[in-house]
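**Student:** Coordinates in final-v9.cif, mmCIF, C-alpha atoms, are listed below.
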```
data_protein
loop_
_atom_site.label_atom_id
_atom_site.label_comp_id
_atom_site.auth_asym_id
_atom_site.auth_seq_id
_atom_site.Cartn_x
_atom_site.Cartn_y
_atom_site.Cartn_z
CA MET A 21 124.03 137.36 94.17
CA SER A 22 120.92 138.79 92.69
CA ASP A 23 120.64 141.79 90.50
CA ALA A 24 117.47 143.82 90.30
CA GLN A 25 117.80 144.26 86.55
CA HIS A 26 117.67 140.53 85.92
CA GLY A 27 114.73 139.89 83.62
CA TYR A 28 112.19 137.43 84.97
CA PRO A 29 110.38 135.42 82.32
CA LEU A 30 106.76 136.20 83.15
CA GLY A 31 105.36 133.03 81.63
CA ALA A 32 107.56 130.70 83.68
CA GLY A 33 105.48 130.76 86.85
CA PHE A 34 102.26 130.55 84.83
CA ARG A 35 103.42 127.43 82.99
CA ALA A 36 104.84 125.88 86.15
CA ILE A 37 101.53 126.26 88.03
CA ILE A 38 99.56 124.80 85.12
CA ARG A 39 101.92 121.84 84.93
CA ARG A 40 101.94 121.40 88.72
CA ASP A 41 98.16 121.41 89.05
CA LEU A 42 97.56 119.19 86.04
CA THR A 43 100.06 116.66 87.40
CA SER A 44 98.42 116.79 90.84
CA VAL A 45 94.96 116.29 89.36
CA TRP A 46 96.21 113.44 87.18
CA ARG A 47 97.71 111.64 90.18
CA ASN A 48 94.41 112.08 92.11
CA ARG A 49 92.18 111.28 89.16
CA SER A 50 89.28 110.12 91.29
CA ASP A 51 88.83 113.67 92.66
CA ILE A 52 87.75 115.12 89.34
CA ALA A 53 85.25 112.32 88.82
CA SER A 54 82.84 113.55 91.50
CA PRO A 55 81.39 116.59 89.65
CA LEU A 56 81.08 114.45 86.52
CA VAL A 57 79.35 111.64 88.38
CA PHE A 58 77.01 114.15 90.02
CA PHE A 59 76.21 115.55 86.56
CA LEU A 60 75.60 112.08 85.08
CA ILE A 61 73.49 110.75 87.94
CA SER A 62 71.26 113.81 88.28
CA ILE A 63 70.49 113.85 84.55
CA THR A 64 69.96 110.08 84.47
CA LEU A 65 67.49 110.26 87.36
CA LEU A 66 65.55 113.15 85.90
CA PRO A 67 63.41 111.14 83.40
CA LEU A 68 62.62 108.70 86.21
CA GLY A 69 61.33 111.49 88.43
CA VAL A 70 59.18 113.32 85.89
CA ASP A 71 56.94 112.30 83.03
CA PRO A 72 59.41 110.59 80.62
CA SER A 73 57.64 111.65 77.43
CA ASP A 74 59.91 112.94 74.64
CA LYS A 75 57.95 116.14 74.35
CA LEU A 76 58.34 117.20 77.98
CA LEU A 77 61.98 116.13 78.22
CA ALA A 78 62.91 117.98 75.03
CA THR A 79 61.40 121.18 76.47
CA ILE A 80 63.25 121.06 79.76
CA ALA A 81 66.50 119.47 78.48
CA PRO A 82 68.52 122.67 77.77
CA GLY A 83 67.64 124.23 81.13
CA MET A 84 68.19 121.01 83.09
CA ILE A 85 71.60 120.26 81.57
CA TRP A 86 72.69 123.85 82.21
CA ILE A 87 71.47 123.84 85.83
CA MET A 88 73.24 120.56 86.56
CA ALA A 89 76.45 121.82 84.95
CA LEU A 90 76.23 124.92 87.14
CA LEU A 91 75.74 122.88 90.32
CA ALA A 92 78.55 120.50 89.36
CA THR A 93 80.92 123.46 88.91
CA LEU A 94 79.80 124.90 92.22
CA LEU A 95 80.58 121.58 93.97
CA SER A 96 84.20 121.66 92.88
CA LEU A 97 84.91 125.33 93.65
CA ASP A 98 85.55 125.08 97.37
CA SER A 99 88.79 123.19 96.82
CA LEU A 100 90.19 125.64 94.25
CA PHE A 101 92.56 127.47 96.63
CA ARG A 102 92.01 125.36 99.76
CA GLN A 103 95.12 123.17 99.62
CA ASP A 104 97.34 126.08 98.58
CA TYR A 105 96.04 128.12 101.51
CA ASP A 106 96.54 125.30 104.01
CA ASP A 107 100.07 124.32 103.01
CA GLY A 108 101.49 127.82 102.49
CA SER A 109 101.77 127.71 98.69
CA LEU A 110 99.59 130.81 98.62
CA THR A 111 102.20 132.73 100.59
CA GLN A 112 104.80 131.73 98.03
CA PHE A 113 102.50 132.88 95.20
CA ILE A 114 102.05 136.27 96.85
CA LEU A 115 105.75 136.74 97.63
CA SER A 116 106.81 135.77 94.13
CA PRO A 117 107.83 138.41 91.58
CA GLN A 118 105.46 136.64 89.20
CA PRO A 119 102.17 138.59 88.95
CA LEU A 120 99.45 137.02 91.10
CA TYR A 121 97.02 137.65 88.22
CA LEU A 122 98.82 135.03 86.08
CA THR A 123 99.07 132.54 88.93
CA VAL A 124 95.34 132.81 89.62
CA LEU A 125 94.59 132.56 85.89
CA ALA A 126 96.71 129.40 85.69
CA LYS A 127 94.77 127.83 88.56
CA VAL A 128 91.43 128.77 86.99
CA ILE A 129 92.48 127.34 83.61
CA VAL A 130 93.36 124.01 85.24
CA HIS A 131 90.07 124.06 87.16
CA TRP A 132 88.16 124.59 83.92
CA LEU A 133 90.15 121.95 82.03
CA THR A 134 89.38 119.38 84.72
CA THR A 135 85.74 120.23 85.50
CA GLY A 136 84.04 122.51 82.96
CA LEU A 137 85.51 121.05 79.79
CA PRO A 138 84.68 117.39 80.64
CA LEU A 139 81.13 118.48 81.50
CA ALA A 140 80.78 120.20 78.11
CA ILE A 141 82.18 117.14 76.35
CA ILE A 142 79.78 114.62 77.92
CA ALA A 143 76.79 116.99 77.62
CA PRO A 144 75.68 115.64 74.18
CA LEU A 145 75.41 112.16 75.70
CA LEU A 146 73.08 113.54 78.35
CA GLY A 147 71.24 115.40 75.62
CA VAL A 148 70.42 112.04 74.06
CA MET A 149 69.07 110.78 77.39
CA LEU A 150 66.76 113.81 77.59
CA SER A 151 65.78 113.57 73.88
CA LEU A 152 67.29 116.92 73.04
CA PRO A 153 66.16 117.91 69.51
CA SER A 154 68.91 117.58 66.91
CA GLY A 155 69.40 121.32 66.39
CA GLY A 156 70.49 121.77 70.00
CA TYR A 157 73.66 119.67 70.25
CA TRP A 158 76.30 122.02 68.88
CA PRO A 159 74.88 125.10 70.63
CA LEU A 160 74.77 123.05 73.86
CA VAL A 161 78.44 122.02 73.64
CA ILE A 162 79.70 125.46 72.61
CA SER A 163 77.60 127.38 75.12
CA LEU A 164 78.64 125.02 77.93
CA THR A 165 82.32 125.27 76.94
CA ILE A 166 82.21 129.07 77.18
CA GLY A 167 79.77 129.12 80.09
CA THR A 168 81.75 126.78 82.34
CA ALA A 169 84.87 128.89 81.70
CA ILE A 170 82.96 131.99 82.86
CA MET A 171 81.69 130.08 85.89
CA SER A 172 85.23 128.93 86.81
CA LEU A 173 86.46 132.53 86.59
CA ILE A 174 83.61 133.96 88.68
CA GLY A 175 83.94 131.06 91.10
CA ALA A 176 87.61 131.86 91.63
CA LEU A 177 86.59 135.18 93.19
CA GLY A 178 84.20 133.44 95.58
CA ALA A 179 86.75 130.77 96.45
CA ALA A 180 89.41 133.43 97.07
CA LEU A 181 87.10 135.45 99.33
CA THR A 182 86.10 132.45 101.44
CA VAL A 183 89.36 130.47 101.56
CA CYS A 184 90.15 131.67 105.08
CA LEU A 185 86.74 130.60 106.46
CA ARG A 186 86.47 127.22 108.11
CA SER A 187 83.09 126.21 106.70
CA SER A 188 82.98 128.18 103.52
CA ALA A 189 80.72 126.14 101.24
CA LEU A 190 77.48 127.91 102.15
CA VAL A 191 78.94 131.43 102.05
CA LEU A 192 80.62 130.61 98.77
CA THR A 193 77.31 129.49 97.27
CA LEU A 194 75.55 132.64 98.47
CA ILE A 195 78.23 134.89 96.99
CA ILE A 196 78.49 133.08 93.68
CA MET A 197 74.88 132.13 92.88
CA PRO A 198 73.61 135.62 91.94
CA LEU A 199 76.63 136.08 89.65
CA TYR A 200 75.89 132.78 87.93
CA LEU A 201 72.28 133.63 87.11
CA PRO A 202 72.93 135.74 83.97
CA VAL A 203 75.24 133.03 82.63
CA LEU A 204 72.58 130.38 83.24
CA ILE A 205 69.82 132.45 81.65
CA ILE A 206 71.82 133.35 78.53
CA GLY A 207 73.30 129.86 78.22
CA ALA A 208 70.07 127.88 78.49
CA ASN A 209 68.33 130.42 76.28
CA THR A 210 70.98 130.01 73.59
CA VAL A 211 70.25 126.28 73.33
CA SER A 212 66.46 126.79 73.41
CA SER A 213 66.52 129.42 70.69
CA ALA A 214 68.76 127.22 68.52
CA ILE A 215 66.19 124.42 68.88
CA ALA A 216 63.37 126.84 68.05
CA GLY A 217 65.23 127.80 64.87
CA VAL A 218 65.98 131.39 65.88
CA GLY A 219 69.74 130.77 65.83
CA ALA A 220 72.32 130.59 68.57
CA ALA A 221 74.64 133.33 67.33
CA GLN A 222 73.27 136.07 69.56
CA GLY A 223 73.50 134.06 72.78
CA LEU A 224 76.96 132.76 71.96
CA ALA A 225 78.16 136.29 71.21
CA LEU A 226 76.87 137.44 74.60
CA LEU A 227 78.57 134.54 76.34
CA GLY A 228 81.80 135.30 74.47
CA ALA A 229 81.66 138.93 75.56
CA ALA A 230 81.06 137.86 79.16
CA LEU A 231 84.03 135.48 78.96
CA ALA A 232 86.31 138.25 77.65
CA MET A 233 85.28 140.51 80.51
CA ALA A 234 85.59 137.75 83.12
CA VAL A 235 89.14 136.88 81.96
CA LEU A 236 90.16 140.50 82.41
CA ILE A 237 88.48 141.25 85.71
CA MET A 238 87.99 138.06 87.72
CA PRO A 239 91.63 136.93 88.19
CA LEU A 240 92.50 140.49 89.28
CA ALA A 241 89.66 140.55 91.79
CA ALA A 242 90.52 137.04 93.02
CA ALA A 243 94.19 138.06 93.39
CA GLY A 244 93.13 141.01 95.55
CA ALA A 245 90.89 138.76 97.63
CA LEU A 246 93.71 136.25 98.11
CA ARG A 247 96.02 138.98 99.41
CA ILE A 248 93.40 139.84 102.03
CA SER A 249 92.63 136.20 102.87
CA SER A 250 96.31 135.39 103.36
CA ASN A 251 96.37 137.76 106.37
CA HIS A 252 94.10 135.47 108.37
CA MET B 13 129.22 150.04 108.20
CA SER B 14 127.91 150.13 104.68
CA GLU B 15 124.56 151.53 103.56
CA PRO B 16 121.74 149.47 105.15
CA LEU B 17 119.85 147.31 102.65
CA LEU B 18 116.87 146.70 104.88
CA THR B 19 115.59 149.29 107.34
CA LEU B 20 112.79 148.90 109.85
CA ASP B 21 111.69 152.37 110.84
CA ASN B 22 109.67 152.73 114.06
CA LEU B 23 107.72 149.59 113.14
CA SER B 24 104.58 148.59 115.07
CA CYS B 25 102.46 145.56 114.34
CA GLU B 26 99.06 144.51 115.52
CA ARG B 27 97.04 141.34 115.27
CA ASP B 28 93.25 141.34 115.72
CA GLY B 29 93.29 144.76 117.35
CA ARG B 30 96.04 143.89 119.83
CA LEU B 31 99.35 145.72 119.58
CA LEU B 32 102.12 143.09 119.57
CA PHE B 33 105.17 145.34 119.61
CA SER B 34 105.90 148.93 118.79
CA GLY B 35 108.79 151.19 117.90
CA VAL B 36 111.14 148.58 116.41
CA ASP B 37 114.06 150.29 114.70
CA CYS B 38 116.58 148.10 112.95
CA GLU B 39 119.11 148.60 110.18
CA CYS B 40 120.45 145.61 108.29
CA PRO B 41 123.46 146.23 106.05
CA ALA B 42 124.72 143.53 103.68
CA GLY B 43 126.14 140.66 105.69
CA THR B 44 123.60 140.78 108.52
CA LEU B 45 122.73 137.56 110.27
CA LEU B 46 119.88 138.42 112.62
CA GLN B 47 117.97 136.16 114.97
CA VAL B 48 114.56 137.42 116.04
CA VAL B 49 113.76 136.18 119.54
CA GLY B 50 110.91 136.68 121.96
CA PHE B 51 108.44 134.65 124.00
CA ASN B 52 105.61 132.75 122.31
CA GLY B 53 103.17 135.31 120.98
CA ALA B 54 105.67 138.18 121.07
CA GLY B 55 105.15 138.69 117.35
CA LYS B 56 108.19 137.02 115.75
CA THR B 57 106.24 135.53 112.86
CA THR B 58 104.16 138.68 112.53
CA LEU B 59 107.36 140.72 112.26
CA LEU B 60 108.73 138.44 109.54
CA ASN B 61 105.41 138.44 107.67
CA THR B 62 105.20 142.22 107.90
CA LEU B 63 108.66 142.85 106.57
CA THR B 64 108.02 140.58 103.59
CA GLY B 65 104.94 142.64 102.80
CA LEU B 66 102.41 139.88 103.58
CA LEU B 67 100.86 141.89 106.43
CA PRO B 68 100.41 145.64 106.58
CA ALA B 69 102.35 147.45 109.29
CA ALA B 70 100.22 149.23 111.91
CA LYS B 71 102.72 152.06 112.08
CA GLY B 72 106.17 152.78 110.70
CA ASP B 73 107.80 151.75 107.47
CA ILE B 74 110.00 149.05 105.95
CA ARG B 75 112.57 150.21 103.43
CA TRP B 76 114.56 148.10 101.00
CA ARG B 77 117.58 149.82 99.37
CA GLY B 78 116.23 153.12 100.65
CA ASP B 79 112.67 152.92 99.28
CA SER B 80 109.51 151.72 100.99
CA ILE B 81 108.70 148.13 100.00
CA ARG B 82 105.13 149.14 99.28
CA SER B 83 106.28 151.29 96.36
CA GLN B 84 108.45 148.57 94.77
CA ARG B 85 106.82 145.28 95.66
CA GLN B 86 107.98 143.42 92.56
CA VAL B 87 111.62 144.48 92.77
CA PHE B 88 111.67 143.63 96.46
CA HIS B 89 110.13 140.19 95.95
CA GLN B 90 112.76 139.36 93.32
CA GLU B 91 115.37 139.67 96.03
CA LEU B 92 113.40 137.88 98.74
CA LEU B 93 113.29 134.24 99.72
CA TYR B 94 110.72 133.42 102.40
CA LEU B 95 110.40 130.04 104.09
CA GLY B 96 107.58 129.98 106.62
CA HIS B 97 106.10 127.60 109.17
CA GLN B 98 104.04 125.86 106.55
CA VAL B 99 105.55 123.42 104.11
CA PRO B 100 104.24 124.02 100.58
CA VAL B 101 105.33 120.60 99.36
CA LYS B 102 102.53 118.87 97.46
CA PRO B 103 102.28 115.24 98.62
CA GLN B 104 101.19 113.93 95.23
CA LEU B 105 104.19 115.41 93.38
CA THR B 106 107.75 114.14 93.37
CA VAL B 107 110.55 116.02 95.10
CA ARG B 108 111.88 117.36 91.82
CA GLU B 109 108.44 118.47 90.60
CA ASN B 110 107.92 120.36 93.85
CA LEU B 111 111.22 122.17 93.50
CA LEU B 112 110.50 122.96 89.86
CA TRP B 113 107.26 124.81 90.61
CA LEU B 114 108.64 126.49 93.72
CA GLY B 115 111.66 127.56 91.70
CA ALA B 116 109.62 128.79 88.74
CA LEU B 117 107.97 131.41 90.97
CA ASN B 118 111.41 132.94 91.36
CA PRO B 119 114.26 132.81 88.83
CA PRO B 120 114.06 129.66 86.72
CA VAL B 121 115.92 126.60 87.96
CA THR B 122 117.44 123.77 85.97
CA LYS B 123 117.24 120.07 86.73
CA ASP B 124 121.01 119.94 87.29
CA ALA B 125 120.76 122.74 89.85
CA ILE B 126 118.00 120.80 91.62
CA ALA B 127 120.08 117.63 91.69
CA GLU B 128 122.95 119.61 93.21
CA ALA B 129 120.73 121.29 95.79
CA LEU B 130 119.32 117.91 96.82
CA VAL B 131 122.86 116.65 97.43
CA GLN B 132 123.36 119.64 99.73
CA VAL B 133 120.30 118.77 101.84
CA ASP B 134 121.11 115.02 101.86
CA LEU B 135 118.18 114.11 99.65
CA ALA B 136 120.23 112.88 96.68
CA GLY B 137 118.42 110.02 94.97
CA PHE B 138 115.01 111.23 96.16
CA GLU B 139 114.31 113.30 93.00
CA HIS B 140 111.57 110.99 91.83
CA SER B 141 110.16 109.93 95.18
CA PRO B 142 106.58 110.98 95.73
CA SER B 143 106.55 113.60 98.47
CA PHE B 144 103.88 111.82 100.55
CA ALA B 145 106.50 109.14 101.25
CA LEU B 146 108.85 111.65 102.91
CA SER B 147 109.16 112.22 106.64
CA ALA B 148 108.40 115.63 108.17
CA GLY B 149 112.10 116.45 108.37
CA GLN B 150 112.68 115.40 104.78
CA LYS B 151 109.80 117.62 103.62
CA ARG B 152 111.41 120.57 105.41
CA ARG B 153 114.67 119.66 103.68
CA VAL B 154 112.93 119.88 100.29
CA LEU B 155 112.05 123.46 101.24
CA LEU B 156 115.57 124.16 102.46
CA ALA B 157 116.90 123.00 99.08
CA GLN B 158 115.52 126.31 97.82
CA LEU B 159 118.30 128.09 99.72
CA TYR B 160 120.77 126.53 97.28
CA LEU B 161 118.64 127.36 94.23
CA SER B 162 117.68 130.92 95.06
CA ARG B 163 119.54 134.01 93.94
CA ALA B 164 117.74 136.17 96.50
CA THR B 165 119.66 138.60 98.69
CA LEU B 166 117.28 138.62 101.64
CA TRP B 167 116.44 135.32 103.30
CA VAL B 168 113.55 135.36 105.75
CA LEU B 169 113.38 132.01 107.53
CA ASP B 170 110.68 131.32 110.09
CA GLU B 171 111.83 128.49 112.37
CA PRO B 172 114.12 126.94 109.75
CA PHE B 173 115.49 124.34 112.19
CA THR B 174 112.11 122.71 112.91
CA ALA B 175 112.24 118.93 112.44
CA ILE B 176 115.85 119.03 111.16
CA ASP B 177 118.40 116.64 112.71
CA LYS B 178 121.58 117.81 114.48
CA ALA B 179 123.92 117.43 111.52
CA GLY B 180 121.37 119.18 109.33
CA VAL B 181 121.12 122.09 111.76
CA LEU B 182 124.91 122.57 111.73
CA LYS B 183 124.97 122.52 107.96
CA LEU B 184 122.07 124.95 107.72
CA GLU B 185 123.81 127.32 110.13
CA ALA B 186 126.94 127.17 107.97
CA THR B 187 124.87 127.89 104.85
CA MET B 188 123.24 130.88 106.50
CA ALA B 189 126.60 132.21 107.69
CA ARG B 190 128.07 131.82 104.21
CA HIS B 191 125.14 133.67 102.65
CA ALA B 192 125.75 136.57 105.05
CA GLU B 193 129.49 136.54 104.27
CA GLN B 194 128.71 136.81 100.58
CA GLY B 195 126.78 140.02 101.20
CA GLY B 196 123.30 138.63 101.79
CA ILE B 197 120.98 139.16 104.73
CA VAL B 198 119.48 136.34 106.80
CA LEU B 199 116.64 137.01 109.23
CA PHE B 200 115.45 133.99 111.15
CA THR B 201 113.57 132.93 114.24
CA SER B 202 114.58 130.00 116.40
CA HIS B 203 114.35 128.79 119.96
CA GLN B 204 117.34 126.47 119.67
CA PRO B 205 120.79 127.29 121.05
CA LEU B 206 122.96 127.92 117.99
CA ALA B 207 126.56 126.98 117.31
CA MET B 208 127.15 129.89 114.95
CA ALA B 209 129.91 132.24 116.00
CA GLU B 210 128.49 135.61 115.19
CA PHE B 211 124.96 136.78 114.78
CA ALA B 212 122.91 139.72 115.95
CA VAL B 213 119.79 139.30 118.07
CA LEU B 214 116.60 141.33 117.94
CA ASP B 215 114.64 140.70 121.13
CA LEU B 216 110.98 141.56 120.66
CA SER B 217 110.37 141.35 124.41
CA GLN B 218 111.97 144.78 124.65
CA PHE B 219 109.43 146.35 122.35
CA GLN B 220 106.26 145.26 124.13
CA PRO B 221 103.70 148.05 124.33
CA ALA B 222 102.92 149.64 127.69
CA PRO B 223 99.91 147.92 129.36
CA GLY B 224 97.60 150.84 128.63
CA GLU B 225 98.41 150.86 124.90
CA ALA B 226 98.04 147.17 124.16
CA TYR B 227 94.62 147.51 122.55
CA VAL B 228 94.18 149.80 119.59
#
```
Starting from the file, give its structure as structure tokens.

**Tutor:**
Amino acid sequence: MSDAQHGYPLGAGFRAIIRRDLTSVWRNRSDIASPLVFFLISITLLPLGVDPSDKLLATIAPGMIWIMALLATLLSLDSLFRQDYDDGSLTQFILSPQPLYLTVLAKVIVHWLTTGLPLAIIAPLLGVMLSLPSGGYWPLVISLTIGTAIMSLIGALGAALTVCLRSSALVLTLIIMPLYLPVLIIGANTVSSAIAGVGAAQGLALLGAALAMAVLIMPLAAAGALRISSNH
Amino acid sequence: MSEPLLTLDNLSCERDGRLLFSGVDCECPAGTLLQVVGFNGAGKTTLLNTLTGLLPAAKGDIRWRGDSIRSQRQVFHQELLYLGHQVPVKPQLTVRENLLWLGALNPPVTKDAIAEALVQVDLAGFEHSPSFALSAGQKRRVLLAQLYLSRATLWVLDEPFTAIDKAGVLKLEATMARHAEQGGIVLFTSHQPLAMAEFAVLDLSQFQPAPGEAYV
């Protein structure tokens, strides 16, 4: 029989959820391709739609890559808790002695590893397509790596709030968009100022600070929202 | 009678502003095997969800080992195993992988323990089968395997016999009875006639609110 004093290893549930979700994603590999394909296609089409001169493209490249990364992240958010809500896994998360904060954090980490990180990794390739000046590549990759992590964390709150709604995509977008704006502004600005020779340190520091705060607050808020959503 | 482990004290529950039942008092000492019955919509699932802490109670209190579950959520959840209507078995994972993550949310489970539990639910040899290839009954059996892995005292089972064949139902009843004999508590809902010798019944039909009080 059980004993209340029995110590529960806190990391066990966290690791199990990370492994579970990574395995699931790996077995359904084609699912993670859609944000990436969206990202690739929209950036590829851009020079065809506007004046394809190097000068214009280089000016709009940082902003465009950041906007497309933001939209690609947004596309994938709706499914973050959807399956777990539908099949009752969420109930098991809530009724587990493992803290819901860690479970949510594990899900967000997997979401970032499978959407944000690949976007950041292929971003330099898209930079070439948009003739991004040479000083912008490293700031672009680093700012997108941090920025997509922030966007996954903020998105988790929106996904948790809307998981019980039947058509949640629009509401989710409306909740999340305003919260994404500062990240977009700082992120795109970081790349532009690096290209202009001002240095990217200030923007990256701001993004880092935002990430630290989002890691602390967002999983907690999403956990609270999931407890409410599970009642419906 | 020994000290009750689980106490429902004047419990009322509502759903969408409609009072489902009110004034349920129930004391469950160790060894309780309790079937919750009532017509469709009487609030059986709501009662089970409320006493696990998933839903807030409209009125009254639920106490575990003498203290309200709201003040000791983590301790209470360590001793709770809840199997609901839904089947949280991921189709793209194998049977063993599903039991590993379900188990990790509670005390850790070993692969040997999983193999043994799968023998108990007649799924031996299915460890590495992808779960999408299982039938509905087999998926439920994957969930039921948790009964053999869990160290929880309180089992809350919502319609555990759904989609289970006759032999499986008998075996499940025996497992539930044994858990109660060993000092555990089993609360379950079911509409099937049961072969078990002794179990208590909580009939929610008796706690329906008076017509004038149904809406709050």

**Student:** If we count only C-alpha atoms, which residues of chain B reach to within 6 Å of chain A? Please list them as a list in words.

**Tutor:**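 Matching residues, ligands excluded from the count: Gln86, His89, Gln90, Gln98, Val99, Pro100, Gln104, Trp113, Ala116, Leu117, Arg163 and Ala164 of chain B.
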
**Student:** Output as a tab-separated table one row per residue of segment 32-92 of chain A within 10 Å of segment 162-166 of chain A: the closest atom pair and its distance in Å to one decimal place, counting all atoms listed in the file, sorted by chain and residue number ascending.

**Tutor:**
```
residue	atom	partner	partner_atom	distance
A:Ile85	CA	A:Leu164	CA	9.2
A:Trp86	CA	A:Leu164	CA	7.4
A:Ala89	CA	A:Leu164	CA	8.0
A:Leu90	CA	A:Leu164	CA	9.5
```

**Student:** State, in Å with one decimal place, the distance from atom CA of Leu20 of chain B to atom CA of Cys184 of chain A.

**Tutor:**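 Separating atom CA of Leu20 of chain B from atom CA of Cys184 of chain A is a distance of 28.8 Å.
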
**Student:** One decimal, in Å: what's the spacing between atom CA of Ala176 of chain A and atom CA of Leu95 of chain B?

**Tutor:**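 A separation of 26.0 Å between them.
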
**Student:** Take the PyMOL selection byres ((chain A and resi 223) around 8), apply it to the structure above, and return the hits as a list of chain:residue names.

**Tutor:** A:Ile206, A:Gly207, A:Asn209, A:Thr210, A:Ala220, A:Ala221, A:Gln222, A:Leu224, A:Ala225, A:Leu226, A:Leu227

**Student:** Could I see segment 172-178 of chain B restored to all heavy atoms, set down as an mmCIF file, in the coordinates of the input?

**Tutor:**
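Saved result, selection-v8.cif, follows:
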```
data_model
loop_
_atom_site.group_PDB
_atom_site.id
_atom_site.type_symbol
_atom_site.label_atom_id
_atom_site.label_comp_id
_atom_site.auth_asym_id
_atom_site.auth_seq_id
_atom_site.Cartn_x
_atom_site.Cartn_y
_atom_site.Cartn_z
ATOM 1 N N PRO B 172 113.584 127.845 110.778
ATOM 2 C CA PRO B 172 114.120 126.940 109.750
ATOM 3 C C PRO B 172 114.622 125.615 110.318
ATOM 4 O O PRO B 172 114.766 124.649 109.569
ATOM 5 C CB PRO B 172 115.285 127.739 109.147
ATOM 6 C CG PRO B 172 115.690 128.684 110.221
ATOM 7 C CD PRO B 172 114.446 129.016 110.982
ATOM 8 N N PHE B 173 114.883 125.557 111.635
ATOM 9 C CA PHE B 173 115.490 124.340 112.190
ATOM 10 C C PHE B 173 114.450 123.306 112.624
ATOM 11 O O PHE B 173 114.803 122.227 113.090
ATOM 12 C CB PHE B 173 116.381 124.688 113.386
ATOM 13 C CG PHE B 173 117.446 125.690 113.037
ATOM 14 C CD1 PHE B 173 117.432 126.950 113.601
ATOM 15 C CD2 PHE B 173 118.447 125.365 112.140
ATOM 16 C CE1 PHE B 173 118.407 127.878 113.268
ATOM 17 C CE2 PHE B 173 119.423 126.281 111.803
ATOM 18 C CZ PHE B 173 119.404 127.548 112.371
ATOM 19 N N THR B 174 113.153 123.637 112.490
ATOM 20 C CA THR B 174 112.110 122.710 112.910
ATOM 21 C C THR B 174 112.274 121.370 112.201
ATOM 22 O O THR B 174 112.419 121.316 110.978
ATOM 23 C CB THR B 174 110.721 123.290 112.543
ATOM 24 O OG1 THR B 174 110.654 124.603 113.056
ATOM 25 C CG2 THR B 174 109.606 122.459 113.137
ATOM 26 N N ALA B 175 112.245 120.297 112.960
ATOM 27 C CA ALA B 175 112.240 118.930 112.440
ATOM 28 C C ALA B 175 113.529 118.540 111.724
ATOM 29 O O ALA B 175 113.599 117.512 111.080
ATOM 30 C CB ALA B 175 111.049 118.677 111.510
ATOM 31 N N ILE B 176 114.572 119.360 111.819
ATOM 32 C CA ILE B 176 115.850 119.030 111.160
ATOM 33 C C ILE B 176 116.781 118.372 112.185
ATOM 34 O O ILE B 176 116.840 118.803 113.336
ATOM 35 C CB ILE B 176 116.506 120.312 110.602
ATOM 36 C CG1 ILE B 176 115.569 121.029 109.644
ATOM 37 C CG2 ILE B 176 117.829 120.000 109.936
ATOM 38 C CD1 ILE B 176 115.311 120.312 108.358
ATOM 39 N N ASP B 177 117.510 117.326 111.764
ATOM 40 C CA ASP B 177 118.400 116.640 112.710
ATOM 41 C C ASP B 177 119.645 117.469 113.018
ATOM 42 O O ASP B 177 119.878 118.509 112.408
ATOM 43 C CB ASP B 177 118.764 115.239 112.193
ATOM 44 C CG ASP B 177 119.468 115.310 110.850
ATOM 45 O OD1 ASP B 177 120.170 116.293 110.595
ATOM 46 O OD2 ASP B 177 119.289 114.370 110.051
ATOM 47 N N LYS B 178 120.459 116.997 113.983
ATOM 48 C CA LYS B 178 121.580 117.810 114.480
ATOM 49 C C LYS B 178 122.573 118.187 113.396
ATOM 50 O O LYS B 178 122.986 119.330 113.271
ATOM 51 C CB LYS B 178 122.303 117.058 115.605
ATOM 52 C CG LYS B 178 121.734 117.353 116.966
ATOM 53 C CD LYS B 178 122.554 116.671 118.038
ATOM 54 C CE LYS B 178 121.835 116.748 119.385
ATOM 55 N NZ LYS B 178 122.387 115.791 120.349
#
```
